[in-house]
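Engineer: As input, take protein29.cif (mmCIF, C-alpha atoms):
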data_coords
loop_
_atom_site.label_atom_id
_atom_site.label_comp_id
_atom_site.auth_asym_id
_atom_site.auth_seq_id
_atom_site.Cartn_x
_atom_site.Cartn_y
_atom_site.Cartn_z
CA MET A 47 45.23 -7.32 -38.37
CA ALA A 48 42.33 -6.85 -35.95
CA LYS A 49 40.57 -3.52 -35.74
CA ARG A 50 40.47 -1.96 -32.24
CA ILE A 51 37.23 -0.53 -30.96
CA ILE A 52 36.42 1.01 -27.61
CA CYS A 53 32.98 0.05 -26.31
CA ILE A 54 31.33 2.34 -23.76
CA GLY A 55 28.31 0.74 -22.18
CA ASP A 56 26.50 -0.47 -19.12
CA SER A 57 26.24 -3.90 -17.50
CA ASN A 58 25.36 -5.67 -20.75
CA THR A 59 28.62 -4.45 -22.28
CA TRP A 60 30.52 -5.26 -19.09
CA GLY A 61 29.03 -8.76 -19.14
CA TYR A 62 27.05 -8.78 -15.89
CA ASP A 63 25.68 -12.18 -14.92
CA PRO A 64 22.62 -11.52 -12.72
CA ARG A 65 22.54 -15.15 -11.58
CA SER A 66 25.83 -14.68 -9.75
CA PHE A 67 26.12 -13.72 -6.12
CA GLY A 68 27.45 -10.20 -5.58
CA GLY A 69 27.46 -8.90 -9.14
CA GLY A 70 29.69 -11.32 -11.00
CA ARG A 71 30.46 -11.39 -14.65
CA TYR A 72 29.98 -13.92 -17.41
CA PRO A 73 33.28 -15.55 -18.43
CA GLU A 74 35.27 -13.88 -21.19
CA GLY A 75 34.10 -16.37 -23.82
CA VAL A 76 30.42 -15.63 -23.11
CA ARG A 77 30.37 -11.80 -23.22
CA TRP A 78 29.35 -10.27 -26.55
CA THR A 79 32.44 -8.08 -26.56
CA SER A 80 34.62 -11.21 -26.70
CA LEU A 81 32.57 -12.98 -29.38
CA LEU A 82 33.06 -10.58 -32.28
CA GLY A 83 35.61 -12.74 -34.04
CA ASP A 84 39.27 -12.36 -34.84
CA ALA A 85 38.70 -9.18 -36.85
CA TRP A 86 37.87 -7.17 -33.70
CA GLN A 87 39.82 -6.35 -30.58
CA VAL A 88 37.55 -4.72 -28.00
CA GLU A 89 38.53 -2.36 -25.22
CA ASN A 90 35.58 -2.89 -22.89
CA LEU A 91 34.54 0.22 -20.97
CA GLY A 92 31.26 -1.28 -19.83
CA GLU A 93 30.24 -0.54 -16.25
CA ASN A 94 27.36 -1.83 -14.15
CA GLY A 95 24.68 0.80 -13.61
CA ARG A 96 26.27 3.34 -15.96
CA GLU A 97 23.97 6.09 -17.12
CA ILE A 98 24.87 8.56 -19.85
CA PRO A 99 27.55 10.82 -18.34
CA VAL A 100 26.28 14.38 -17.99
CA SER A 101 28.57 16.10 -15.51
CA ASP A 102 31.78 17.61 -16.78
CA PHE A 103 33.71 15.54 -14.25
CA ALA A 104 32.17 12.21 -15.36
CA VAL A 105 32.76 13.01 -19.02
CA ARG A 106 36.39 14.02 -18.38
CA ILE A 107 37.02 10.75 -16.50
CA LEU A 108 35.62 8.74 -19.39
CA LEU A 109 37.56 10.76 -21.98
CA GLY A 110 40.70 9.99 -19.98
CA GLN A 111 39.87 6.27 -20.04
CA ILE A 112 39.38 6.45 -23.80
CA SER A 113 42.64 8.36 -24.27
CA ALA A 114 44.53 5.70 -22.30
CA ARG A 115 43.29 3.07 -24.77
CA LEU A 116 44.33 4.81 -27.98
CA PRO A 117 45.06 4.20 -30.76
CA ALA A 118 41.71 2.77 -31.80
CA ASP A 119 39.77 2.43 -35.03
CA GLY A 120 36.40 3.39 -33.60
CA LEU A 121 34.24 4.13 -30.61
CA CYS A 122 30.96 2.31 -29.90
CA VAL A 123 28.44 3.70 -27.36
CA MET A 124 25.45 1.76 -26.03
CA LEU A 125 23.84 3.55 -23.09
CA GLY A 126 20.39 4.71 -22.04
CA THR A 127 18.78 1.70 -20.36
CA ASN A 128 19.83 2.78 -16.86
CA ASP A 129 18.66 6.33 -17.54
CA LEU A 130 15.19 4.97 -18.33
CA LEU A 131 15.27 2.62 -15.34
CA GLY A 132 16.20 5.63 -13.18
CA GLY A 133 13.13 7.57 -14.30
CA ALA A 134 14.43 9.70 -17.16
CA SER A 135 12.03 10.10 -20.07
CA PRO A 136 13.07 8.96 -23.54
CA ALA A 137 13.36 12.63 -24.62
CA GLU A 138 15.59 13.48 -21.64
CA THR A 139 17.72 10.39 -22.30
CA ALA A 140 18.14 11.43 -25.94
CA ARG A 141 19.15 14.97 -24.85
CA ARG A 142 21.74 13.50 -22.49
CA MET A 143 23.06 11.31 -25.30
CA GLU A 144 23.36 14.23 -27.71
CA GLY A 145 25.43 16.19 -25.19
CA PHE A 146 27.63 13.15 -24.57
CA LEU A 147 28.14 12.48 -28.29
CA ASP A 148 29.11 16.09 -28.77
CA ARG A 149 31.87 15.67 -26.18
CA LEU A 150 33.00 12.34 -27.70
CA ARG A 151 33.73 14.09 -30.97
CA ASP A 152 36.85 15.44 -29.20
CA CYS A 153 38.26 11.89 -29.45
CA ASP A 154 38.44 12.26 -33.25
CA LEU A 155 37.36 8.65 -33.81
CA PRO A 156 34.60 7.21 -35.97
CA LEU A 157 31.63 6.87 -33.64
CA LEU A 158 28.79 4.35 -33.55
CA LEU A 159 25.73 4.99 -31.40
CA VAL A 160 23.85 1.79 -30.59
CA ALA A 161 20.28 2.09 -29.32
CA PRO A 162 20.07 -0.62 -26.62
CA PRO A 163 17.96 -3.75 -27.17
CA LEU A 164 14.44 -3.50 -25.88
CA MET A 165 13.73 -4.37 -22.29
CA GLN A 166 11.26 -7.15 -21.64
CA ARG A 167 8.87 -7.80 -18.81
CA GLY A 168 10.72 -9.09 -15.74
CA THR A 169 11.56 -8.37 -12.11
CA TRP A 170 13.14 -5.02 -13.02
CA VAL A 171 10.61 -4.16 -15.73
CA GLU A 172 7.08 -4.50 -14.41
CA SER A 173 5.31 -1.50 -15.95
CA GLU A 174 4.04 -1.09 -19.47
CA ALA A 175 5.21 2.54 -19.34
CA LEU A 176 8.84 1.44 -19.01
CA LEU A 177 8.46 -0.92 -21.97
CA GLU A 178 6.95 1.94 -24.00
CA ASN A 179 9.80 4.25 -23.02
CA ALA A 180 12.33 1.66 -24.17
CA ARG A 181 10.53 1.37 -27.53
CA ALA A 182 10.49 5.17 -27.90
CA LEU A 183 14.22 5.62 -27.32
CA ALA A 184 15.73 4.35 -30.58
CA PRO A 185 13.84 6.73 -32.88
CA LEU A 186 14.92 9.62 -30.65
CA TYR A 187 18.59 8.55 -30.85
CA ARG A 188 18.75 8.68 -34.64
CA GLU A 189 18.69 12.50 -34.90
CA PRO A 190 21.45 13.20 -32.33
CA ALA A 191 23.63 10.60 -34.06
CA GLU A 192 23.15 12.34 -37.40
CA ARG A 193 23.76 15.81 -35.94
CA CYS A 194 26.99 14.62 -34.31
CA GLY A 195 28.22 12.76 -37.39
CA ALA A 196 27.92 9.33 -35.74
CA PHE A 197 26.81 6.09 -37.31
CA PHE A 198 23.59 4.72 -35.83
CA CYS A 199 22.36 1.21 -35.09
CA ASP A 200 18.88 0.31 -33.82
CA THR A 201 18.90 -3.08 -32.10
CA ALA A 202 15.15 -3.18 -31.36
CA ALA A 203 14.46 -5.88 -33.95
CA TRP A 204 17.31 -8.15 -32.87
CA ASP A 205 15.18 -10.15 -30.39
CA ILE A 206 17.92 -10.51 -27.77
CA PRO A 207 17.05 -13.04 -25.02
CA VAL A 208 17.33 -11.65 -21.50
CA VAL A 209 17.18 -13.26 -18.06
CA PHE A 210 14.52 -13.03 -15.37
CA ASP A 211 15.02 -9.32 -14.71
CA GLY A 212 13.98 -8.27 -18.23
CA VAL A 213 17.18 -6.26 -18.80
CA HIS A 214 20.36 -8.35 -18.78
CA PHE A 215 21.37 -10.56 -21.69
CA SER A 216 21.30 -14.32 -21.21
CA GLU A 217 24.27 -16.33 -22.50
CA ASP A 218 22.32 -16.91 -25.71
CA GLY A 219 21.55 -13.18 -25.76
CA HIS A 220 25.26 -12.38 -25.74
CA ARG A 221 25.85 -14.79 -28.64
CA ARG A 222 23.00 -13.34 -30.70
CA PHE A 223 24.00 -9.77 -29.93
CA ALA A 224 27.63 -10.46 -30.94
CA LYS A 225 26.53 -12.03 -34.23
CA GLN A 226 24.41 -9.01 -35.15
CA MET A 227 26.96 -6.49 -33.88
CA GLN A 228 29.74 -8.08 -35.88
CA ARG A 229 27.76 -7.39 -39.07
CA VAL A 230 27.27 -3.76 -38.03
CA LEU A 231 30.94 -3.26 -37.18
CA ASP A 232 32.05 -4.88 -40.43
CA THR A 233 29.92 -2.32 -42.27
CA VAL A 234 30.67 0.78 -40.18
CA PHE A 235 34.37 0.50 -39.33
CA ARG A 236 35.79 -1.17 -42.46
#
Reformat the file's structure so that it appears as structure tokens.

Structural biologist:
Amino acid sequence: MAKRIICIGDSNTWGYDPRSFGGGRYPEGVRWTSLLGDAWQVENLGENGREIPVSDFAVRILLGQISARLPADGLCVMLGTNDLLGGASPAETARRMEGFLDRLRDCDLPLLLVAPPLMQRGTWVESEALLENARALAPLYREPAERCGAFFCDTAAWDIPVVFDGVHFSEDGHRRFAKQMQRVLDTVFR
């Protein structure tokens, strides 16, 4: 029987295809959340442009979305890229994540925090400072994960191909990400 996980993320979890007109999505069979194999059933709560929820209202909405998808065997969170793109420092992004993880403990589910893959130079990522901020984020995520009792995964070394903007996964990027993530999930949620 497949394990059910709820994935909270941004456009890379949602499956955004930046080549499409008007913000379309890669087909189901291309998105990493659909490529994890028969052992995993994913409830995809990815959303384009999503930053780490900080307001009580935003967190309550998301907790309600999670509650509507229970029962589940685990919760996977991969956020932070849009916070950095919006000007937040890596330290501020990590503080936001710690507060969010603290609220997610109310779900009483095993929790996996995934540090997003590194951005690369592209039309959205033109400054070296942004690349440095992306590199600095994963080490700062490890401590909040430990304090909140969450598992942690650093994807920086996964070498995920992105498209022209430097942020969004290519089709090959989704395949590679799914292959690596499947190994993590098999270890964490088994």

Engineer: For the atom pair CA of Ala202 in chain A and CA of Pro163 in chain A, what is the interatomic distance in Å to one decimal place?

Structural biologist: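 CA of Pro163 in chain A lies 5.1 Å from CA of Ala202 in chain A.
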
Engineer: Closest to Leu176 in chain A among A:Gly195, A:Arg141, A:Cys153, A:Asp129, using all atoms listed in the file?

Structural biologist: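 The shortest atom-to-atom distance to Leu176 in chain A comes from A:Asp129.
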
Engineer: Can you work out which one of A:Ile107, A:Ala180, A:Ala114, A:Leu158 has the shortest atom-to-atom distance to Leu131 in chain A, counting only C-alpha atoms?

Structural biologist: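 For Leu131 in chain A, the nearest of the given residues is A:Ala180.
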
Engineer: Under the rule that all atoms listed in the file are counted, which of A:Arg221, A:Leu130, A:Ala140, A:Ser66 is the nearest residue to Glu178 in chain A?

Structural biologist: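 So, comparing all the options, the nearest one is A:Leu130.
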
Engineer: With all atoms listed in the file as the atoms that count, which of A:Arg115, A:His214, A:Arg96, A:Arg149 lies nearest to Leu164 in chain A?

Structural biologist: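 Closest to Leu164 in chain A, using all atoms listed in the file: A:His214.
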
Engineer: I want to know what sits within 7 Å of Arg77 in chain A, based on only C-alpha atoms, with residues of the same chain fewer than 4 positions away left out; could you give that as an mmCIF file with C-alpha atoms, keeping the file's coordinate frame?

Structural biologist:
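Just written: around_36.cif:
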data_model
loop_
_atom_site.group_PDB
_atom_site.id
_atom_site.type_symbol
_atom_site.label_atom_id
_atom_site.label_comp_id
_atom_site.auth_asym_id
_atom_site.auth_seq_id
_atom_site.Cartn_x
_atom_site.Cartn_y
_atom_site.Cartn_z
ATOM 1 C CA GLY A 61 29.030 -8.760 -19.140
ATOM 2 C CA TYR A 72 29.980 -13.920 -17.410
ATOM 3 C CA PRO A 73 33.280 -15.550 -18.430
ATOM 4 C CA LEU A 81 32.570 -12.980 -29.380
ATOM 5 C CA HIS A 220 25.260 -12.380 -25.740
#

Engineer: Please list, as a count of residues only, the residues that have an atom at most 12 Å away from (34.8, -14.2, -36.1) in the coordinates of this file, counting only C-alpha atoms.

Structural biologist: 20

Engineer: Which residue gives the smallest distance to Phe210 in chain A among A:Phe198, A:Trp170, A:Phe67, A:Tyr187, with all atoms listed in the file counted?

Structural biologist: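 That would be A:Trp170, the residue with the smallest distance to Phe210 in chain A.
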
Engineer: I'd like the interatomic distance between CA of Pro207 in chain A and CA of Lys49 in chain A, to a tenth of an Å.

Structural biologist: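 Those two atoms sit 27.5 Å apart.
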
Engineer: For this structure, which residues satisfy the selection - the PyMOL selection byres ((chain A and resi 209) around 12) - when it is evaluated on the file as given? I want them as a PyMOL selection string.

Structural biologist: chain A and resi 58+62-65+165-171+206-208+210-220

Engineer: Can you list what the PyMOL selection byres ((chain A and resi 150) around 10) grabs from this structure, as a PyMOL selection string?

Structural biologist: chain A and resi 105+108-109+112+121+123+144-149+151-157+194+196

Engineer: Could you please determine the separation between CA of Pro185 in chain A and CA of Cys53 in chain A in Å, to one decimal place?

Structural biologist: 21.3 Å

Engineer: To verify the selection step, state as a list in words which residues the PyMOL selection byres ((chain A and resi 188) around 9) yields on this input.

Structural biologist: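 Matching residues under the PyMOL selection byres ((chain A and resi 188) around 9) are Leu159, Ala161, Ala184, Pro185, Leu186, Tyr187, Glu189, Pro190, Ala191, Glu192, Arg193, Phe197, Phe198, Cys199 and Asp200 of chain A.
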
Engineer: Around all listed atoms of range 114-127 of chain A, padded 4 Å per side, what centre and edge lengths does the axis-aligned box have in Å to one decimal, as JSON?

Structural biologist:
{"center_x": 31.9, "center_y": 3.7, "center_z": -27.7, "size_x": 34.3, "size_y": 12.0, "size_z": 22.7}

Engineer: Determine the nearest neighbour of Ile54 in chain A from the options A:Thr201, A:Phe223, A:Ala182, A:Leu125, counting all atoms listed in the file.

Structural biologist: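 Nearest to Ile54 in chain A: A:Leu125.
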